[in-house]
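The next block is data.cif, given as mmCIF, C-alpha atoms.
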data_query
#
loop_
_atom_site.label_atom_id
_atom_site.label_comp_id
_atom_site.auth_asym_id
_atom_site.auth_seq_id
_atom_site.Cartn_x
_atom_site.Cartn_y
_atom_site.Cartn_z
CA MET D 1 28.78 13.12 4.90
CA GLN D 2 27.17 16.53 5.25
CA SER D 3 25.75 17.39 8.64
CA GLN D 4 22.05 18.06 9.00
CA PRO D 5 21.10 21.75 9.23
CA ALA D 6 20.33 22.98 12.71
CA SER D 7 16.99 24.52 13.57
CA PRO D 8 16.76 28.06 14.99
CA SER D 9 16.73 26.56 18.49
CA GLY D 10 20.08 24.83 17.84
CA HIS D 11 18.75 21.29 17.40
CA ARG D 12 19.53 19.25 14.30
CA GLY D 13 16.61 18.30 12.10
CA LEU D 14 15.65 14.75 11.23
CA SER D 15 17.80 13.03 8.63
CA ASP D 16 16.31 11.74 5.38
CA ILE D 17 16.52 8.18 6.73
CA GLN D 18 14.61 9.15 9.88
CA LYS D 19 11.98 11.02 7.86
CA GLY D 20 11.55 8.08 5.50
CA THR D 21 11.26 5.62 8.37
CA LEU D 22 8.65 7.79 10.09
CA ALA D 23 6.67 7.97 6.85
CA GLY D 24 6.87 4.18 6.60
CA VAL D 25 5.46 3.82 10.12
CA ILE D 26 2.48 6.00 9.12
CA VAL D 27 1.90 3.78 6.08
CA VAL D 28 1.92 0.66 8.29
CA LEU D 29 -0.73 2.18 10.56
CA CYS D 30 -2.89 3.31 7.63
CA TRP D 31 -2.73 -0.04 5.84
CA SER D 32 -3.39 -2.03 9.00
CA GLY D 33 -6.75 -0.29 9.21
CA PHE D 34 -7.28 -0.48 5.45
CA ASN D 35 -7.42 -4.30 5.46
CA ILE D 36 -10.12 -4.35 8.13
CA VAL D 37 -12.19 -1.47 6.75
CA SER D 38 -12.07 -2.77 3.16
CA ARG D 39 -12.99 -6.32 4.15
CA PHE D 40 -15.93 -4.95 6.16
CA GLY D 41 -17.11 -2.93 3.17
CA SER D 42 -16.71 -5.76 0.66
CA THR D 43 -18.84 -8.13 2.73
CA GLY D 44 -21.47 -5.51 3.56
CA SER D 45 -23.32 -3.00 1.40
CA PHE D 46 -20.68 -2.36 -1.25
CA THR D 47 -19.35 -4.04 -4.36
CA PRO D 48 -15.61 -3.74 -5.09
CA PHE D 49 -16.54 -1.17 -7.73
CA ASP D 50 -18.41 0.90 -5.12
CA LEU D 51 -15.34 1.03 -2.88
CA ALA D 52 -13.15 2.12 -5.79
CA ALA D 53 -15.73 4.79 -6.66
CA LEU D 54 -15.70 6.15 -3.11
CA ARG D 55 -11.90 6.12 -3.13
CA TYR D 56 -11.49 8.06 -6.34
CA SER D 57 -14.53 10.31 -6.36
CA ILE D 58 -13.55 11.85 -3.03
CA SER D 59 -9.80 11.95 -3.61
CA GLY D 60 -10.35 13.16 -7.17
CA LEU D 61 -12.49 16.11 -6.05
CA ILE D 62 -9.70 17.16 -3.70
CA ALA D 63 -6.80 16.48 -6.04
CA LEU D 64 -7.93 17.52 -9.54
CA PRO D 65 -7.91 21.33 -9.08
CA LEU D 66 -4.51 21.15 -7.38
CA PHE D 67 -3.02 18.85 -10.02
CA LEU D 68 -4.14 21.01 -12.94
CA THR D 69 -2.42 24.06 -11.49
CA ARG D 70 0.84 22.32 -10.54
CA VAL D 71 1.73 19.89 -13.33
CA ALA D 72 2.35 20.78 -16.97
CA VAL D 73 0.47 18.85 -19.66
CA ARG D 74 3.71 17.51 -21.14
CA ASP D 75 4.35 15.60 -17.86
CA TRP D 76 0.93 13.93 -17.72
CA PRO D 77 1.91 10.60 -19.41
CA ARG D 78 4.04 9.51 -16.46
CA TYR D 79 1.22 10.22 -14.05
CA MET D 80 -1.11 8.16 -16.23
CA VAL D 81 1.27 5.20 -15.95
CA LEU D 82 1.47 5.63 -12.18
CA THR D 83 -2.33 5.65 -12.08
CA LEU D 84 -2.47 2.36 -13.95
CA PHE D 85 -0.26 0.57 -11.40
CA GLY D 86 -0.52 2.47 -8.11
CA GLY D 87 -4.09 3.61 -8.57
CA LEU D 88 -6.76 1.75 -10.53
CA GLY D 89 -4.83 -1.49 -11.00
CA TYR D 90 -4.00 -1.89 -7.33
CA ALA D 91 -7.36 -0.74 -5.97
CA LEU D 92 -9.59 -2.85 -8.23
CA LEU D 93 -7.50 -5.98 -7.68
CA VAL D 94 -7.37 -5.67 -3.90
CA TYR D 95 -11.04 -4.72 -3.50
CA SER D 96 -12.04 -7.67 -5.69
CA GLY D 97 -9.82 -9.92 -3.58
CA PHE D 98 -11.69 -8.94 -0.43
CA SER D 99 -14.87 -10.33 -2.01
CA PHE D 100 -13.32 -13.83 -1.99
CA ALA D 101 -10.80 -13.99 0.87
CA PRO D 102 -10.58 -12.58 4.42
CA SER D 103 -8.39 -9.70 5.52
CA ALA D 104 -5.79 -12.09 7.00
CA HIS D 105 -5.05 -13.29 3.48
CA ALA D 106 -4.60 -9.70 2.29
CA GLY D 107 -2.10 -9.10 5.07
CA VAL D 108 -0.02 -12.02 3.85
CA PHE D 109 -0.32 -11.79 0.08
CA VAL D 110 -0.50 -7.99 -0.37
CA ASN D 111 1.74 -6.69 2.39
CA GLY D 112 4.07 -9.68 2.19
CA GLY D 113 3.90 -9.73 -1.60
CA ILE D 114 5.01 -6.14 -2.13
CA PRO D 115 8.54 -6.58 -0.70
CA PHE D 116 8.76 -9.98 -2.41
CA TRP D 117 7.92 -8.56 -5.86
CA THR D 118 10.10 -5.50 -5.26
CA VAL D 119 13.17 -7.61 -4.51
CA ILE D 120 12.42 -9.96 -7.43
CA ILE D 121 12.07 -7.09 -9.92
CA LEU D 122 15.24 -5.43 -8.65
CA GLY D 123 17.03 -8.76 -8.77
CA VAL D 124 16.25 -9.39 -12.43
CA GLY D 125 17.06 -5.80 -13.35
CA ALA D 126 20.15 -4.74 -15.20
CA GLY D 127 22.98 -6.18 -13.14
CA PHE D 128 21.43 -5.48 -9.75
CA ARG D 129 22.95 -7.64 -7.01
CA ILE D 130 20.59 -8.20 -4.08
CA PRO D 131 22.35 -7.52 -0.76
CA ARG D 132 22.56 -10.48 1.58
CA MET D 133 20.88 -8.45 4.35
CA VAL D 134 17.82 -7.84 2.17
CA LEU D 135 17.52 -11.54 1.33
CA ILE D 136 17.73 -12.52 4.99
CA ALA D 137 15.15 -9.90 5.91
CA LEU D 138 12.80 -11.11 3.16
CA LEU D 139 13.14 -14.71 4.34
CA LEU D 140 12.43 -13.76 7.96
CA SER D 141 9.42 -11.65 7.01
CA THR D 142 8.00 -14.40 4.80
CA CYS D 143 8.31 -16.98 7.59
CA GLY D 144 6.68 -14.63 10.07
CA LEU D 145 3.81 -13.80 7.72
CA LEU D 146 3.11 -17.49 7.14
CA LEU D 147 3.06 -18.09 10.89
CA ILE D 148 0.60 -15.23 11.43
CA ALA D 149 -1.72 -16.45 8.69
CA SER D 150 -1.29 -20.20 9.21
CA GLU D 151 -4.49 -20.61 11.20
CA SER D 152 -6.64 -19.01 8.51
CA LEU D 153 -4.66 -19.94 5.41
CA PHE D 154 -4.43 -23.64 6.17
CA ALA D 155 -7.79 -24.11 7.87
CA PRO D 156 -10.70 -25.59 5.89
CA ARG D 157 -11.69 -22.91 3.44
CA HIS D 158 -14.26 -22.12 0.83
CA GLY D 159 -13.39 -23.24 -2.67
CA THR D 160 -13.13 -19.70 -4.07
CA GLU D 161 -10.69 -18.19 -1.57
CA TRP D 162 -7.75 -19.00 -3.82
CA ILE D 163 -9.17 -16.48 -6.30
CA GLY D 164 -8.82 -13.76 -3.67
CA ASP D 165 -5.25 -14.86 -2.94
CA VAL D 166 -4.31 -14.59 -6.63
CA LEU D 167 -5.92 -11.14 -6.81
CA PHE D 168 -4.00 -10.02 -3.71
CA LEU D 169 -0.69 -11.21 -5.18
CA SER D 170 -1.49 -9.39 -8.41
CA ALA D 171 -2.29 -6.22 -6.45
CA ALA D 172 1.07 -6.54 -4.68
CA LEU D 173 2.83 -6.74 -8.04
CA THR D 174 1.15 -3.56 -9.32
CA TRP D 175 2.10 -1.68 -6.15
CA ALA D 176 5.70 -2.88 -6.32
CA ILE D 177 5.94 -1.61 -9.91
CA PHE D 178 4.43 1.71 -8.81
CA GLY D 179 7.01 2.10 -6.04
CA LEU D 180 9.92 1.35 -8.36
CA LEU D 181 8.65 3.79 -10.98
CA MET D 182 8.34 6.48 -8.34
CA ARG D 183 11.91 5.83 -7.28
CA SER D 184 13.21 5.81 -10.84
CA TRP D 185 11.37 8.91 -12.06
CA GLN D 186 11.92 10.90 -8.84
CA ILE D 187 8.44 12.36 -8.95
CA GLN D 188 7.48 14.43 -5.93
CA PRO D 189 5.23 12.32 -3.66
CA LYS D 190 2.56 15.00 -3.31
CA LEU D 191 2.35 15.44 -7.09
CA ALA D 192 2.18 11.66 -7.61
CA VAL D 193 -0.75 11.40 -5.20
CA LEU D 194 -2.55 14.30 -6.88
CA GLY D 195 -1.97 12.82 -10.33
CA ILE D 196 -3.12 9.31 -9.44
CA ALA D 197 -6.29 10.56 -7.74
CA SER D 198 -7.07 12.91 -10.64
CA PHE D 199 -6.57 10.50 -13.53
CA ALA D 200 -8.25 7.64 -11.66
CA ALA D 201 -11.34 9.74 -11.02
CA VAL D 202 -11.56 11.03 -14.59
CA SER D 203 -11.11 7.60 -16.19
CA TYR D 204 -12.98 5.41 -13.70
CA MET D 205 -16.04 7.36 -12.57
CA PRO D 206 -17.80 7.59 -15.99
CA VAL D 207 -17.34 3.83 -16.51
CA TYR D 208 -18.60 3.11 -12.99
CA LEU D 209 -21.67 5.34 -13.30
CA LEU D 210 -22.69 3.99 -16.72
CA TRP D 211 -21.90 0.29 -16.70
CA LEU D 212 -20.51 -1.26 -13.50
CA PRO D 213 -22.70 -3.06 -10.92
CA LYS D 214 -23.36 -1.07 -7.77
CA THR D 215 -25.16 -1.56 -4.45
CA ILE D 216 -24.06 1.67 -2.81
CA GLY D 217 -27.67 2.82 -2.58
CA ASN D 218 -28.30 0.21 0.12
CA ALA D 219 -25.56 1.50 2.42
CA SER D 220 -26.24 3.48 5.58
CA TRP D 221 -24.87 6.96 6.09
CA GLY D 222 -22.50 5.60 8.72
CA ASP D 223 -21.05 3.05 6.31
CA LEU D 224 -20.72 5.71 3.61
CA LEU D 225 -18.90 8.04 5.99
CA LEU D 226 -16.52 5.31 7.18
CA GLN D 227 -15.65 3.99 3.73
CA GLY D 228 -15.58 7.40 2.08
CA SER D 229 -13.23 8.98 4.61
CA TYR D 230 -10.93 5.98 4.86
CA GLN D 231 -10.80 5.03 1.17
CA GLY D 232 -10.86 8.56 -0.24
CA VAL D 233 -8.59 10.37 2.20
CA ILE D 234 -6.51 7.99 4.34
CA ALA D 235 -5.87 5.25 1.75
CA ALA D 236 -5.81 7.22 -1.51
CA LEU D 237 -4.05 10.37 -0.30
CA LEU D 238 -2.28 9.93 3.05
CA ALA D 239 -1.01 6.33 2.78
CA ALA D 240 -0.03 6.62 -0.90
CA GLY D 241 1.77 9.90 -0.30
CA MET D 242 3.66 8.63 2.73
CA TYR D 243 4.73 5.46 0.88
CA SER D 244 6.00 7.51 -2.06
CA TYR D 245 7.90 9.77 0.34
CA ALA D 246 9.45 6.82 2.21
CA ASN D 247 10.36 5.21 -1.11
CA GLN D 248 12.44 8.21 -2.11
CA LYS D 249 14.05 8.76 1.30
CA ILE D 250 15.08 5.20 2.27
CA GLY D 251 14.80 3.26 -1.00
CA ALA D 252 12.34 0.85 -2.59
CA SER D 253 13.54 -2.28 -0.78
CA GLN D 254 13.51 -0.69 2.67
CA ALA D 255 10.14 1.04 2.21
CA SER D 256 8.44 -2.08 0.90
CA MET D 257 9.96 -4.27 3.62
CA MET D 258 8.30 -2.14 6.30
CA LEU D 259 4.91 -3.22 4.93
CA ALA D 260 5.60 -6.70 6.31
CA LEU D 261 4.72 -5.19 9.70
CA VAL D 262 1.10 -4.61 8.67
CA PRO D 263 -0.28 -8.08 9.58
CA ALA D 264 1.46 -7.95 12.97
CA VAL D 265 0.12 -4.47 13.73
CA SER D 266 -3.35 -5.56 12.58
CA ALA D 267 -3.28 -8.57 14.91
CA ILE D 268 -2.18 -6.45 17.88
CA GLY D 269 -4.80 -3.80 17.11
CA ALA D 270 -7.53 -6.43 16.87
CA PHE D 271 -6.42 -7.80 20.26
CA PHE D 272 -6.78 -4.45 22.02
CA LEU D 273 -9.68 -2.94 20.07
CA LEU D 274 -11.81 -5.97 19.24
CA GLY D 275 -10.80 -8.41 21.94
CA GLU D 276 -9.55 -10.98 19.44
CA SER D 277 -7.11 -13.45 21.00
CA ILE D 278 -3.53 -13.91 19.80
CA SER D 279 -2.34 -17.51 19.75
CA LEU D 280 1.22 -18.59 20.48
CA THR D 281 1.77 -19.17 16.75
CA VAL D 282 0.61 -15.67 15.85
CA ALA D 283 2.70 -14.14 18.67
CA LEU D 284 5.78 -15.95 17.38
CA GLY D 285 4.98 -14.76 13.86
CA ILE D 286 4.75 -11.16 15.09
CA VAL D 287 8.23 -11.40 16.61
CA VAL D 288 9.74 -12.98 13.48
CA VAL D 289 8.12 -10.63 10.96
CA SER D 290 9.02 -7.60 13.08
CA ALA D 291 12.66 -8.73 13.14
CA GLY D 292 12.64 -9.20 9.37
CA ALA D 293 10.99 -5.85 8.70
CA ALA D 294 13.39 -4.05 11.03
CA LEU D 295 16.37 -5.71 9.37
CA GLY D 296 15.08 -4.94 5.89
CA ALA D 297 14.34 -1.31 6.73
CA LEU D 298 17.94 -0.65 7.78
CA PRO D 299 19.66 1.65 5.28
CA SER D 300 22.26 0.11 3.02
CA ARG D 301 25.86 1.28 3.07
CA GLU D 302 25.27 3.06 -0.24
CA ALA D 303 22.30 4.98 1.20
CA VAL D 304 24.30 6.00 4.27
CA ARG D 305 27.18 7.23 2.13
#
Give the structure from the file, written as structure tokens.
Amino acid sequence: MQSQPASPSGHRGLSDIQKGTLAGVIVVLCWSGFNIVSRFGSTGSFTPFDLAALRYSISGLIALPLFLTRVAVRDWPRYMVLTLFGGLGYALLVYSGFSFAPSAHAGVFVNGGIPFWTVIILGVGAGFRIPRMVLIALLLSTCGLLLIASESLFAPRHGTEWIGDVLFLSAALTWAIFGLLMRSWQIQPKLAVLGIASFAAVSYMPVYLLWLPKTIGNASWGDLLLQGSYQGVIAALLAAGMYSYANQKIGASQASMMLALVPAVSAIGAFFLLGESISLTVALGIVVVSAGAALGALPSREAVR
């Protein structure tokens, strides 16, 4: 194994595994806030189409000039495919899901669904043999996620919440496909983010402005600033870029498994920031899902070699 290059001060730099893990931690923090912010917007002054418009109008304005100067036209088709799965498909499904089901359900079905779908797709691929460690990690994470969400998932619910759950699972599938395509095509994360934001803005905004229902005119400036900055910058650019980077550095299975930490981090953040209590069941779920995510994020022998 080659040693890591030393910095001018004599210290070794971070390894690829350490860089990828750090990027994954940033994604966990970004997505923990995303569930809360998006749920707040979907039940307030915005339709799901408004949130998608804020996401891609702002990110598109930033990304389009940069993308046009950095990517040749012959390479655009791959970025269009990435936009379909990791951009418009994911965003519209998850925003629509928030209109039917609470953020706790998104934490389970989106963040728990992404590693599930990733392992399933890899498992049915051409001769891929799922490592035992990954299967154990997936099982632990799934059990922990169910414990965290048990109080809301199995409590008396409105008759339409299952629609949101299906939409969240579908969103998880699109994101899993996006991550695997990024890994397969070896597209630079920063170019992928620029391409998704650019093509999403160009294809979605005319349809939104002409035909889709909108209530954005009723929103306050504070709500617009919150949703615009979080959806357009943190979610569309920072989180997507960091996930793509982690995907390439530590692998699709490890990067997606780290997302199982999102519900646990969200619960802890709500405890300190909002004063929401954590029951014994949720506390146990946090411990279990954290163990599963940590186990799943460990590099495989092949990655180390």
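Each of D:Ser220, D:Ser244, D:Ser32, D:Ser277 was checked against Pro189 in chain D using all atoms listed in the file; the smallest atom-to-atom distance is that of D:Ser244.
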Inset, instruction - Could you tell me which of D:Lys19, D:Lys214, D:Arg39, D:His105 comes closest to Gly164 in chain D if we count all atoms listed in the file? - result: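 When distances to Gly164 in chain D are compared using all atoms listed in the file, the smallest one comes from D:His105.
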Output the residue selection produced by the PyMOL selection byres ((chain D and resi 132) around 12) on the file above, formatted as an mmCIF file with C-alpha atoms, in the coordinates of the input.
data_model
loop_
_atom_site.group_PDB
_atom_site.id
_atom_site.type_symbol
_atom_site.label_atom_id
_atom_site.label_comp_id
_atom_site.auth_asym_id
_atom_site.auth_seq_id
_atom_site.Cartn_x
_atom_site.Cartn_y
_atom_site.Cartn_z
ATOM 1 C CA VAL D 119 13.170 -7.610 -4.510
ATOM 2 C CA GLY D 123 17.030 -8.760 -8.770
ATOM 3 C CA ARG D 129 22.950 -7.640 -7.010
ATOM 4 C CA ILE D 130 20.590 -8.200 -4.080
ATOM 5 C CA PRO D 131 22.350 -7.520 -0.760
ATOM 6 C CA MET D 133 20.880 -8.450 4.350
ATOM 7 C CA VAL D 134 17.820 -7.840 2.170
ATOM 8 C CA LEU D 135 17.520 -11.540 1.330
ATOM 9 C CA ILE D 136 17.730 -12.520 4.990
ATOM 10 C CA ALA D 137 15.150 -9.900 5.910
ATOM 11 C CA LEU D 138 12.800 -11.110 3.160
ATOM 12 C CA LEU D 139 13.140 -14.710 4.340
ATOM 13 C CA LEU D 295 16.370 -5.710 9.370
ATOM 14 C CA GLY D 296 15.080 -4.940 5.890
ATOM 15 C CA SER D 300 22.260 0.110 3.020
#
Inset, instruction - Determine, counting all atoms listed in the file, which protein, DNA and RNA residues have an atom within 10 Å of an atom of range 48-60 of chain D; residues of the same chain fewer than 3 positions away are not included. Present the result as number ranges by chain. - result: D: 38-39, 41-43, 45, 63-67, 87-88, 91-99, 193-206, 208-209, 212-217, 224-225, 227-237
Inset, instruction - Counting all atoms listed in the file, write as a VMD selection string all protein and nucleic acid residues lying at most 10 Å from (13.3, -15.1, 11.8) in the file's frame. - result: chain D and resid 136 to 144 284 to 292
Legend entry - Distance in Å - CA of Val37 in chain D versus CA of Ser279 in chain D: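 CA of Ser279 in chain D lies at a distance of 22.9 Å from CA of Val37 in chain D.
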Inset, instruction - Quick one: pull the distance between CA of Thr47 in chain D and CA of Leu167 in chain D, Å, one decimal. - result: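 If I compute the distance from CA of Thr47 in chain D to CA of Leu167 in chain D, I get 15.4 Å.
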Inset, instruction - Taking the file as shown, find all residues satisfying the PyMOL selection byres ((chain D and resi 187) around 12) and write them as a ChimeraX atom specification. - result: /D:71,75-76,78-79,82,178-186,188-196,241,244-245,247-248
Legend entry - Computed interatomic separation between CA of Leu68 in chain D and CA of Ala246 in chain D (Å):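 For CA of Leu68 in chain D relative to CA of Ala246 in chain D, the distance reads 24.8 Å.
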